[in-house]
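J.: Just dropping this structure here.
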Amino acid sequence: MYDLYAEEILDHYKFPRNKGPMDNPDRVYHDRNPFCGDEVTFMLKVRDGVVEDVKWEGRGCTISMASASMLSEEVKGQPLEALRNWGKEKVLELLGIPLSPTRLKCALLPLKVLQVAAWGTREEGEVTSND
Amino acid sequence: MYDLYAEEILDHYKFPRNKGPMDNPDRVYHDRNPFCGDEVTFMLKVRDGVVEDVKWEGRGCTISMASASMLSEEVKGQPLEALRNWGKEKVLELLGIPLSPTRLKCALLPLKVLQVAAWGTREEGEVTSND
Amino acid sequence: MKLAESVSLDPYRLREDFPIFSQKMHGKPLVYLDNTASAQKPRTVIEAMDTMYREVYANVHRGIYELSERATQMYEDARRKVAHFIHARSRREIVFVRNTTEAINLVAYTWGLANLRPGDEVLITEMEHHSNIVPWQLICQRTGATLRWVPITEDGHLNMEALDSLLGEHTRIFAFTAMSNVLGTINPVAELVRRAHAVGALALVDGAQSVPHLPTDVQAWDADFVAFSSHKMLGPTGIGVLYAKRHLLEGMPPFMGGGEMIREVTMTHATWNEVPYKFEAGTPAFVEAVGLGAAVDYLSGLGMDRVHELEQALVDYAYERLHTVEGLRIIGPGPKERGGVLSFTLDDVHPHDVAAILDQEGIAVRAGHHCAQPIHDRYDLVATTRASFYIYNTREDVDRLTAALHRVAHLFRG
Amino acid sequence: MKLAESVSLDPYRLREDFPIFSQKMHGKPLVYLDNTASAQKPRTVIEAMDTMYREVYANVHRGIYELSERATQMYEDARRKVAHFIHARSRREIVFVRNTTEAINLVAYTWGLANLRPGDEVLITEMEHHSNIVPWQLICQRTGATLRWVPITEDGHLNMEALDSLLGEHTRIFAFTAMSNVLGTINPVAELVRRAHAVGALALVDGAQSVPHLPTDVQAWDADFVAFSSHKMLGPTGIGVLYAKRHLLEGMPPFMGGGEMIREVTMTHATWNEVPYKFEAGTPAFVEAVGLGAAVDYLSGLGMDRVHELEQALVDYAYERLHTVEGLRIIGPGPKERGGVLSFTLDDVHPHDVAAILDQEGIAVRAGHHCAQPIHDRYDLVATTRASFYIYNTREDVDRLTAALHRVAHLFRG
Ligand SMILES: Cc1ncc(COP(=O)(O)O)c(C=O)c1O
Ligand SMILES: Cc1ncc(COP(=O)(O)O)c(C=O)c1O
């Protein structure tokens, strides 16, 4: 029961990793999902093309917050280049549960924000699931 | 069979009464039914409030033309005052057949034109049957 | 007669008219509490359209054959039923559109573009649905008119003193909802129209929530425009209504151009058909209109007073039961002053999570800003969870909702 | 596969899919020849909608519960089916509207208002339906642009020399029908688009008649906009399609304001949702979209090549048979160069009379100007009688039409 609310997801939601402010980040991006009001900001420190530190802020549902928290753990120490290929599958793998199209949007918001922070732009349409 | 095309109606259609031009009419009105293109013009000579002569021109379907022809026979010699009360029933009585709402519009066009010719204005909506 | 009217409606009996309730949702009977977004359909509505497609289908207007004549008759009968249902003077005051949104846009694009000038003011309220906000923002941008907002009080009513100071000689139109789709607030429509008219402004009523749930008398309101949607009042999607006083419709330029709305078209100009057809360009959603007619028949059969009474009793009960859930806060007025809409927060659990967990219990509620961001901003909320009722909802539904909310609270607190 | 495709369609078998044909009209089997106005519906289309209302009904988008998720999926699947059917690049190029008329008005109100200036020219043709005339007349009036017309030849083709001299650097958009609803003329769409693009103009194709009857490939056409209606292609009323190249949609301002088309709304401004939602304000006709999806499935199952072939054979036959009626004159091109639409006059018998008499024989045809007055003016006609075919029409239907027309001729001559 409540598979959407698996223990690990609830844990990330209740005890988010890397959440908080960052002084003088090299990269910042903020966005929100207008349909549900979820918002996420990612802040990065980058040295030699590698993510040295990451922080995020946000408010939203369990799925989006857990996704942001889990992604923040993944990204630390990665070359920016690596983020380029992260997609829907990456997020689903992290969350470990199947998601309906609407909830998928919640899950993908942090990825979108993280990628724009890293790359400055994104391929349009990437984060929507209905294409 | 073909009750819409009763002998009397076809007769008025093929041999219209009072159809043709009039010199110096006292009253003229022209209108058309935009949906089917039927058009009718009524021309009246009026003396002392009585219709002394009537002519009409027009083109259209059997129903509208027969209605115009039959009305032209009715109106001659009538006080203008009498026309005021003519309505849908009058026309249906003249034609002698039941009509669907669409065909009723054909049948009522000549009455509308005749009444505007006689009175200058008409109550809006009078000639439509759907009200 | 008197007696029959005093007998209350029985939701358990009414449910049987709605095929959707014969299925299970996640193994449990469906508890459908998203009626503010859209209502379920009784068998008679579904069958009316089905039958039309199977037996009487042809394009309406201008067809000189039996199928078309009959389809036209059915379409116009539906218009008459709607006119009667809201006490319009004539069926010519009923324009069929797609939904409430199109009805309001139609007024903004036609009356608005033709009449608004820089210096003019359009007045709306903080509790409007986006459909009664964005068209006015767009039209004000285009015309240079100014958009003004009536604030609301903490307990979810219009601030009537502020209203008085906002309504003035520059106000050209006051557009407001008869019932809030978030707070449930039932506004004093006739009084608001009176105040608008007192300063020479027109009054547009967004009836999307009120027409399905309360008796409507556009003449008693003296409203100039009323907009509502079929799909929220047991009818099909794809059709809605703009009511407008006939002289206003006659004075307005057309909206869309095309077939049926014209009188004559030449290469240099076009003239317009009579109202309401002037505003119905192209083949209308006539089968849907017939479906709406069947919905109106169904609601009239119940009696709108009794519909309201049933919902009122349910709101009373729900209001009390939901307050047993710790951390649950309902926004908007008290139970006696609202329709069957309850929007709430539960501690800081995100409404998406609430809705997703309720779904797994077979309970359908809505989560989000409900197309009304300004009202959420007003309460400094991003989103709420909303449960809303209609004639087929029972106390059992409320009990299941309450129990499920207790479990949500526990899951996030534990 | 190859074999299956080469087998022709059998209208007698297809008729069984259409419930309407199981009834008698005035004691006779119905001969439905008003397909240009609207088509009948196969059982699968009626049942798709029926089932949605009974089993999966909830408002689409943003609902976090199963019914709404499923309804949304069905709505978006329908969009995908339509995109596939006309060979669009992506389902984002499919905007759901009410009908062809709204699709064209949408372009005129958004692209047109934003881009047309005095001195600019909008080019249409003399064979357009009012829905592809009046929106341009209105928008030219508003913007000061000039409306110009491509004349047609006596035998009902576009005058291609005149077209070349009309298309020029001032032309901003060329809007034309792919198939005339009066003459039946099938226009060389790809060639016309090419010529428009050669002078830097956009090309809008009115596909109301072609999409239901011919294979459609918007990419092969390279069309910028294509408009069509569900109800003419076996689908329900209340829904139609605007196809547009994605970058155009993205560059256009929104049409109507309201729910679903916005991204964010504050008291001072609003931002827009992504395409195509930016153009779908309010609750869409999503059940109708699902019905249209079923119609697309049905037509795809038949194969549009075979649909065209069936109709071509019927037009050939009808063309020959109708000419046995003395005094009957068909307007437009010869049978090889037209779709299944035959408009004709019979001496000076008024088309209303023709249609009314045919009706009494259980034959449904249309009489009037078919929402195309300019083309009738072109031939100096007030009205014509029109018989038009679809997949369920048979040679027997043509025979009954011919026999009835002989009787009409006799009645008026005798
Ligand atoms: C060529 C053409 N364009 C446009 C239309 C208008 O279609 P609708 O009434 O569905 O908007 C029609 C329908 O008769 C048509 O034949
Ligand atoms: C108060 C109010 N106005 C307008 C609307 C918009 O209705 P529709 O989406 O049918 O156009 C709604 C629907 O949610 C509403 O509740």
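Order determines the names: the first chain of the structure tokens is A, the second B, and so forth; residues in each chain are numbered 1 upward, and ligands are numbered 1 upward as they are shown.
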Using only C-alpha atoms, which protein or nucleic acid residues come within 7 Å of range 68-78 of chain B? Drop anything in the same chain fewer than 3 positions from it, and give the result as a PDB file with all heavy atoms, in the first residue's frame.

T.:
```pdb
ATOM      1  N   HIS B  12     -50.283  28.466 -58.490  1.00  0.00           N
ATOM      2  CA  HIS B  12     -49.837  29.838 -58.185  1.00  0.00           C
ATOM      3  C   HIS B  12     -48.375  30.038 -58.562  1.00  0.00           C
ATOM      4  O   HIS B  12     -47.970  31.117 -58.974  1.00  0.00           O
ATOM      5  CB  HIS B  12     -50.032  30.146 -56.690  1.00  0.00           C
ATOM      6  CG  HIS B  12     -51.381  30.687 -56.377  1.00  0.00           C
ATOM      7  ND1 HIS B  12     -51.681  32.026 -56.420  1.00  0.00           N
ATOM      8  CD2 HIS B  12     -52.543  30.058 -56.034  1.00  0.00           C
ATOM      9  CE1 HIS B  12     -52.945  32.210 -56.105  1.00  0.00           C
ATOM     10  NE2 HIS B  12     -53.501  31.026 -55.862  1.00  0.00           N
ATOM     11  N   PRO B  16     -48.293  32.938 -61.571  1.00  0.00           N
ATOM     12  CA  PRO B  16     -48.414  33.852 -60.415  1.00  0.00           C
ATOM     13  C   PRO B  16     -49.368  35.005 -60.696  1.00  0.00           C
ATOM     14  O   PRO B  16     -49.380  35.555 -61.796  1.00  0.00           O
ATOM     15  CB  PRO B  16     -46.981  34.350 -60.221  1.00  0.00           C
ATOM     16  CG  PRO B  16     -46.272  34.105 -61.511  1.00  0.00           C
ATOM     17  CD  PRO B  16     -46.933  32.917 -62.139  1.00  0.00           C
ATOM     18  N   ARG B  17     -50.158  35.349 -59.653  1.00  0.00           N
ATOM     19  CA  ARG B  17     -51.104  36.465 -59.798  1.00  0.00           C
ATOM     20  C   ARG B  17     -50.423  37.763 -59.358  1.00  0.00           C
ATOM     21  O   ARG B  17     -49.647  37.782 -58.419  1.00  0.00           O
ATOM     22  CB  ARG B  17     -52.336  36.243 -58.928  1.00  0.00           C
ATOM     23  CG  ARG B  17     -52.797  34.810 -58.715  1.00  0.00           C
ATOM     24  CD  ARG B  17     -53.195  34.043 -59.959  1.00  0.00           C
ATOM     25  NE  ARG B  17     -54.035  32.880 -59.607  1.00  0.00           N
ATOM     26  CZ  ARG B  17     -53.637  31.606 -59.663  1.00  0.00           C
ATOM     27  NH1 ARG B  17     -52.418  31.305 -60.098  1.00  0.00           N
ATOM     28  NH2 ARG B  17     -54.471  30.651 -59.297  1.00  0.00           N
ATOM     29  N   ASN B  18     -50.748  38.838 -60.030  1.00  0.00           N
ATOM     30  CA  ASN B  18     -50.264  40.197 -59.690  1.00  0.00           C
ATOM     31  C   ASN B  18     -48.748  40.336 -59.724  1.00  0.00           C
ATOM     32  O   ASN B  18     -48.192  41.194 -59.046  1.00  0.00           O
ATOM     33  CB  ASN B  18     -50.760  40.629 -58.302  1.00  0.00           C
ATOM     34  CG  ASN B  18     -52.276  40.617 -58.203  1.00  0.00           C
ATOM     35  OD1 ASN B  18     -52.956  41.188 -59.055  1.00  0.00           O
ATOM     36  ND2 ASN B  18     -52.796  39.935 -57.197  1.00  0.00           N
ATOM     37  N   VAL B  50     -56.454  52.498 -47.966  1.00  0.00           N
ATOM     38  CA  VAL B  50     -56.889  51.221 -48.533  1.00  0.00           C
ATOM     39  C   VAL B  50     -55.948  50.828 -49.678  1.00  0.00           C
ATOM     40  O   VAL B  50     -55.517  51.686 -50.454  1.00  0.00           O
ATOM     41  CB  VAL B  50     -58.341  51.325 -49.050  1.00  0.00           C
ATOM     42  CG1 VAL B  50     -58.728  50.083 -49.850  1.00  0.00           C
ATOM     43  CG2 VAL B  50     -59.293  51.543 -47.879  1.00  0.00           C
ATOM     44  N   VAL B  51     -55.623  49.557 -49.752  1.00  0.00           N
ATOM     45  CA  VAL B  51     -54.733  49.083 -50.806  1.00  0.00           C
ATOM     46  C   VAL B  51     -55.515  49.022 -52.113  1.00  0.00           C
ATOM     47  O   VAL B  51     -56.383  48.181 -52.296  1.00  0.00           O
ATOM     48  CB  VAL B  51     -54.173  47.685 -50.472  1.00  0.00           C
ATOM     49  CG1 VAL B  51     -53.309  47.170 -51.631  1.00  0.00           C
ATOM     50  CG2 VAL B  51     -53.378  47.725 -49.180  1.00  0.00           C
ATOM     51  N   GLU B  52     -55.131  49.944 -53.026  1.00  0.00           N
ATOM     52  CA  GLU B  52     -55.893  50.028 -54.263  1.00  0.00           C
ATOM     53  C   GLU B  52     -55.341  49.076 -55.314  1.00  0.00           C
ATOM     54  O   GLU B  52     -56.080  48.471 -56.074  1.00  0.00           O
ATOM     55  CB  GLU B  52     -55.810  51.457 -54.779  1.00  0.00           C
ATOM     56  CG  GLU B  52     -57.117  51.949 -55.306  1.00  0.00           C
ATOM     57  CD  GLU B  52     -56.933  53.334 -55.888  1.00  0.00           C
ATOM     58  OE1 GLU B  52     -55.929  53.569 -56.596  1.00  0.00           O
ATOM     59  OE2 GLU B  52     -57.776  54.173 -55.607  1.00  0.00           O
ATOM     60  N   ASP B  53     -54.031  48.987 -55.311  1.00  0.00           N
ATOM     61  CA  ASP B  53     -53.419  48.053 -56.261  1.00  0.00           C
ATOM     62  C   ASP B  53     -52.168  47.440 -55.651  1.00  0.00           C
ATOM     63  O   ASP B  53     -51.539  48.044 -54.775  1.00  0.00           O
ATOM     64  CB  ASP B  53     -53.070  48.768 -57.574  1.00  0.00           C
ATOM     65  CG  ASP B  53     -52.820  47.747 -58.707  1.00  0.00           C
ATOM     66  OD1 ASP B  53     -53.163  46.555 -58.523  1.00  0.00           O
ATOM     67  OD2 ASP B  53     -52.276  48.153 -59.749  1.00  0.00           O
ATOM     68  N   VAL B  54     -51.829  46.260 -56.116  1.00  0.00           N
ATOM     69  CA  VAL B  54     -50.647  45.578 -55.588  1.00  0.00           C
ATOM     70  C   VAL B  54     -49.934  44.854 -56.723  1.00  0.00           C
ATOM     71  O   VAL B  54     -50.575  44.300 -57.628  1.00  0.00           O
ATOM     72  CB  VAL B  54     -51.050  44.571 -54.478  1.00  0.00           C
ATOM     73  CG1 VAL B  54     -52.041  43.551 -55.007  1.00  0.00           C
ATOM     74  CG2 VAL B  54     -49.815  43.858 -53.916  1.00  0.00           C
ATOM     75  N   SER B  64     -42.504  30.108 -51.348  1.00  0.00           N
ATOM     76  CA  SER B  64     -42.465  31.562 -51.170  1.00  0.00           C
ATOM     77  C   SER B  64     -43.202  32.262 -52.312  1.00  0.00           C
ATOM     78  O   SER B  64     -43.901  33.249 -52.093  1.00  0.00           O
ATOM     79  CB  SER B  64     -41.017  32.062 -51.049  1.00  0.00           C
ATOM     80  OG  SER B  64     -40.290  31.810 -52.219  1.00  0.00           O
ATOM     81  N   MET B  65     -43.066  31.745 -53.509  1.00  0.00           N
ATOM     82  CA  MET B  65     -43.722  32.393 -54.646  1.00  0.00           C
ATOM     83  C   MET B  65     -45.246  32.224 -54.577  1.00  0.00           C
ATOM     84  O   MET B  65     -46.003  33.164 -54.820  1.00  0.00           O
ATOM     85  CB  MET B  65     -43.172  31.822 -55.974  1.00  0.00           C
ATOM     86  CG  MET B  65     -41.688  32.136 -56.213  1.00  0.00           C
ATOM     87  SD  MET B  65     -41.300  33.919 -56.339  1.00  0.00           S
ATOM     88  CE  MET B  65     -40.619  34.237 -54.717  1.00  0.00           C
ATOM     89  N   ALA B  82     -56.038  46.293 -41.752  1.00  0.00           N
ATOM     90  CA  ALA B  82     -56.344  44.859 -41.691  1.00  0.00           C
ATOM     91  C   ALA B  82     -55.071  44.023 -41.703  1.00  0.00           C
ATOM     92  O   ALA B  82     -54.985  42.980 -41.047  1.00  0.00           O
ATOM     93  CB  ALA B  82     -57.235  44.460 -42.867  1.00  0.00           C
ATOM     94  N   LEU B  94     -53.834  30.068 -46.189  1.00  0.00           N
ATOM     95  CA  LEU B  94     -53.821  30.270 -47.641  1.00  0.00           C
ATOM     96  C   LEU B  94     -53.174  29.093 -48.359  1.00  0.00           C
ATOM     97  O   LEU B  94     -53.676  28.596 -49.363  1.00  0.00           O
ATOM     98  CB  LEU B  94     -53.074  31.560 -48.005  1.00  0.00           C
ATOM     99  CG  LEU B  94     -53.759  32.885 -47.672  1.00  0.00           C
ATOM    100  CD1 LEU B  94     -52.820  34.058 -47.926  1.00  0.00           C
ATOM    101  CD2 LEU B  94     -55.032  33.029 -48.510  1.00  0.00           C
ATOM    102  N   PRO B 110     -42.861  36.640 -47.887  1.00  0.00           N
ATOM    103  CA  PRO B 110     -43.734  37.613 -48.561  1.00  0.00           C
ATOM    104  C   PRO B 110     -44.604  38.400 -47.581  1.00  0.00           C
ATOM    105  O   PRO B 110     -44.823  39.596 -47.767  1.00  0.00           O
ATOM    106  CB  PRO B 110     -44.597  36.728 -49.477  1.00  0.00           C
ATOM    107  CG  PRO B 110     -43.762  35.501 -49.706  1.00  0.00           C
ATOM    108  CD  PRO B 110     -43.040  35.273 -48.413  1.00  0.00           C
TER     109      PRO B 110
END
```

J.: Each residue of chain B lying at most 6 Å from chain D should get a row with its shortest atom-to-atom pair and the distance in Å to one decimal, counting only C-alpha atoms; could you produce that, ordered by chain and increasing number, as a tab-separated table?

T.:
```
residue	atom	partner	partner_atom	distance
B:Cys36	CA	D:Gly368	CA	5.0
B:Gly37	CA	D:Val382	CA	5.7
B:Cys61	CA	D:His350	CA	4.9
```

J.: Report as a PyMOL selection string which protein, DNA and RNA residues come within 8 Å of ligand 2, using only C-alpha atoms and all ligand atoms.

T.: (chain C and resi 36-38+98-103+128-132+177-182+206-209+228-232+240+370-371) or (chain D and resi 258-259+281-284)

J.: Using only C-alpha atoms, which residue out of C:Ala203, C:Val31, C:Val408, C:Ile139 lies closest to Tyr5 in chain A?

T.: C:Val408

J.: Report, in Å with one decimal, the straight-line distance from CA of Arg103 in chain B to CA of Ala66 in chain B.

T.: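 Taking CA of Arg103 in chain B as the start and CA of Ala66 in chain B as the end point, the length is 12.3 Å.
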
J.: I need the alpha helix (DSSP H) residues of range 49-83 of chain B per DSSP on the backbone, written as a count of residues only.

T.: 18

J.: Skipping near chain neighbours, those fewer than 6 positions away, what residues fall within 8 Å of Leu33 in chain C using only C-alpha atoms, listed as a ChimeraX atom specification?

T.: /C:363-366,387-389,393

J.: Next, the residues of the selection above should be written as a PDB file, in the first residue's frame with all heavy atoms.

T.:
```
ATOM      1  N   ILE C 363     -10.707   7.563  -3.762  1.00  0.00           N
ATOM      2  CA  ILE C 363     -11.354   8.855  -3.517  1.00  0.00           C
ATOM      3  C   ILE C 363     -10.744   9.902  -4.449  1.00  0.00           C
ATOM      4  O   ILE C 363      -9.540  10.128  -4.427  1.00  0.00           O
ATOM      5  CB  ILE C 363     -11.142   9.310  -2.059  1.00  0.00           C
ATOM      6  CG1 ILE C 363     -11.684   8.240  -1.100  1.00  0.00           C
ATOM      7  CG2 ILE C 363     -11.801  10.659  -1.802  1.00  0.00           C
ATOM      8  CD1 ILE C 363     -11.312   8.480   0.363  1.00  0.00           C
ATOM      9  N   ALA C 364     -11.583  10.525  -5.271  1.00  0.00           N
ATOM     10  CA  ALA C 364     -11.104  11.518  -6.238  1.00  0.00           C
ATOM     11  C   ALA C 364     -11.330  12.924  -5.703  1.00  0.00           C
ATOM     12  O   ALA C 364     -12.469  13.362  -5.533  1.00  0.00           O
ATOM     13  CB  ALA C 364     -11.828  11.343  -7.572  1.00  0.00           C
ATOM     14  N   VAL C 365     -10.220  13.623  -5.395  1.00  0.00           N
ATOM     15  CA  VAL C 365     -10.301  15.042  -5.030  1.00  0.00           C
ATOM     16  C   VAL C 365      -9.311  15.793  -5.912  1.00  0.00           C
ATOM     17  O   VAL C 365      -8.495  15.177  -6.589  1.00  0.00           O
ATOM     18  CB  VAL C 365      -9.938  15.304  -3.554  1.00  0.00           C
ATOM     19  CG1 VAL C 365     -10.925  14.632  -2.621  1.00  0.00           C
ATOM     20  CG2 VAL C 365      -8.503  14.852  -3.266  1.00  0.00           C
ATOM     21  N   ARG C 366      -9.384  17.096  -5.900  1.00  0.00           N
ATOM     22  CA  ARG C 366      -8.467  17.882  -6.717  1.00  0.00           C
ATOM     23  C   ARG C 366      -7.415  18.515  -5.835  1.00  0.00           C
ATOM     24  O   ARG C 366      -7.674  18.865  -4.686  1.00  0.00           O
ATOM     25  CB  ARG C 366      -9.231  18.947  -7.501  1.00  0.00           C
ATOM     26  CG  ARG C 366      -8.355  19.664  -8.511  1.00  0.00           C
ATOM     27  CD  ARG C 366      -8.921  19.740  -9.919  1.00  0.00           C
ATOM     28  NE  ARG C 366      -9.236  18.494 -10.561  1.00  0.00           N
ATOM     29  CZ  ARG C 366      -8.926  18.210 -11.836  1.00  0.00           C
ATOM     30  NH1 ARG C 366      -8.246  19.058 -12.576  1.00  0.00           N
ATOM     31  NH2 ARG C 366      -9.307  17.062 -12.366  1.00  0.00           N
ATOM     32  N   ALA C 387     -12.280  19.186  -1.904  1.00  0.00           N
ATOM     33  CA  ALA C 387     -13.341  18.180  -2.028  1.00  0.00           C
ATOM     34  C   ALA C 387     -14.627  18.927  -2.336  1.00  0.00           C
ATOM     35  O   ALA C 387     -14.951  19.904  -1.668  1.00  0.00           O
ATOM     36  CB  ALA C 387     -13.487  17.402  -0.728  1.00  0.00           C
ATOM     37  N   SER C 388     -15.330  18.484  -3.361  1.00  0.00           N
ATOM     38  CA  SER C 388     -16.560  19.201  -3.719  1.00  0.00           C
ATOM     39  C   SER C 388     -17.667  18.204  -4.039  1.00  0.00           C
ATOM     40  O   SER C 388     -17.425  17.124  -4.542  1.00  0.00           O
ATOM     41  CB  SER C 388     -16.301  20.135  -4.888  1.00  0.00           C
ATOM     42  OG  SER C 388     -15.709  19.433  -5.967  1.00  0.00           O
ATOM     43  N   PHE C 389     -18.879  18.613  -3.724  1.00  0.00           N
ATOM     44  CA  PHE C 389     -20.009  17.679  -3.707  1.00  0.00           C
ATOM     45  C   PHE C 389     -21.025  17.941  -4.799  1.00  0.00           C
ATOM     46  O   PHE C 389     -21.140  19.037  -5.331  1.00  0.00           O
ATOM     47  CB  PHE C 389     -20.719  17.773  -2.347  1.00  0.00           C
ATOM     48  CG  PHE C 389     -19.778  17.593  -1.186  1.00  0.00           C
ATOM     49  CD1 PHE C 389     -19.503  18.649  -0.314  1.00  0.00           C
ATOM     50  CD2 PHE C 389     -19.131  16.374  -0.984  1.00  0.00           C
ATOM     51  CE1 PHE C 389     -18.622  18.484   0.746  1.00  0.00           C
ATOM     52  CE2 PHE C 389     -18.246  16.197   0.082  1.00  0.00           C
ATOM     53  CZ  PHE C 389     -17.989  17.261   0.937  1.00  0.00           C
ATOM     54  N   ASN C 393     -23.427  12.496  -3.882  1.00  0.00           N
ATOM     55  CA  ASN C 393     -22.507  12.261  -2.765  1.00  0.00           C
ATOM     56  C   ASN C 393     -23.270  12.008  -1.475  1.00  0.00           C
ATOM     57  O   ASN C 393     -24.316  12.612  -1.228  1.00  0.00           O
ATOM     58  CB  ASN C 393     -21.553  13.447  -2.595  1.00  0.00           C
ATOM     59  CG  ASN C 393     -20.541  13.521  -3.722  1.00  0.00           C
ATOM     60  OD1 ASN C 393     -20.452  14.521  -4.422  1.00  0.00           O
ATOM     61  ND2 ASN C 393     -19.793  12.436  -3.915  1.00  0.00           N
TER      62      ASN C 393
END
```
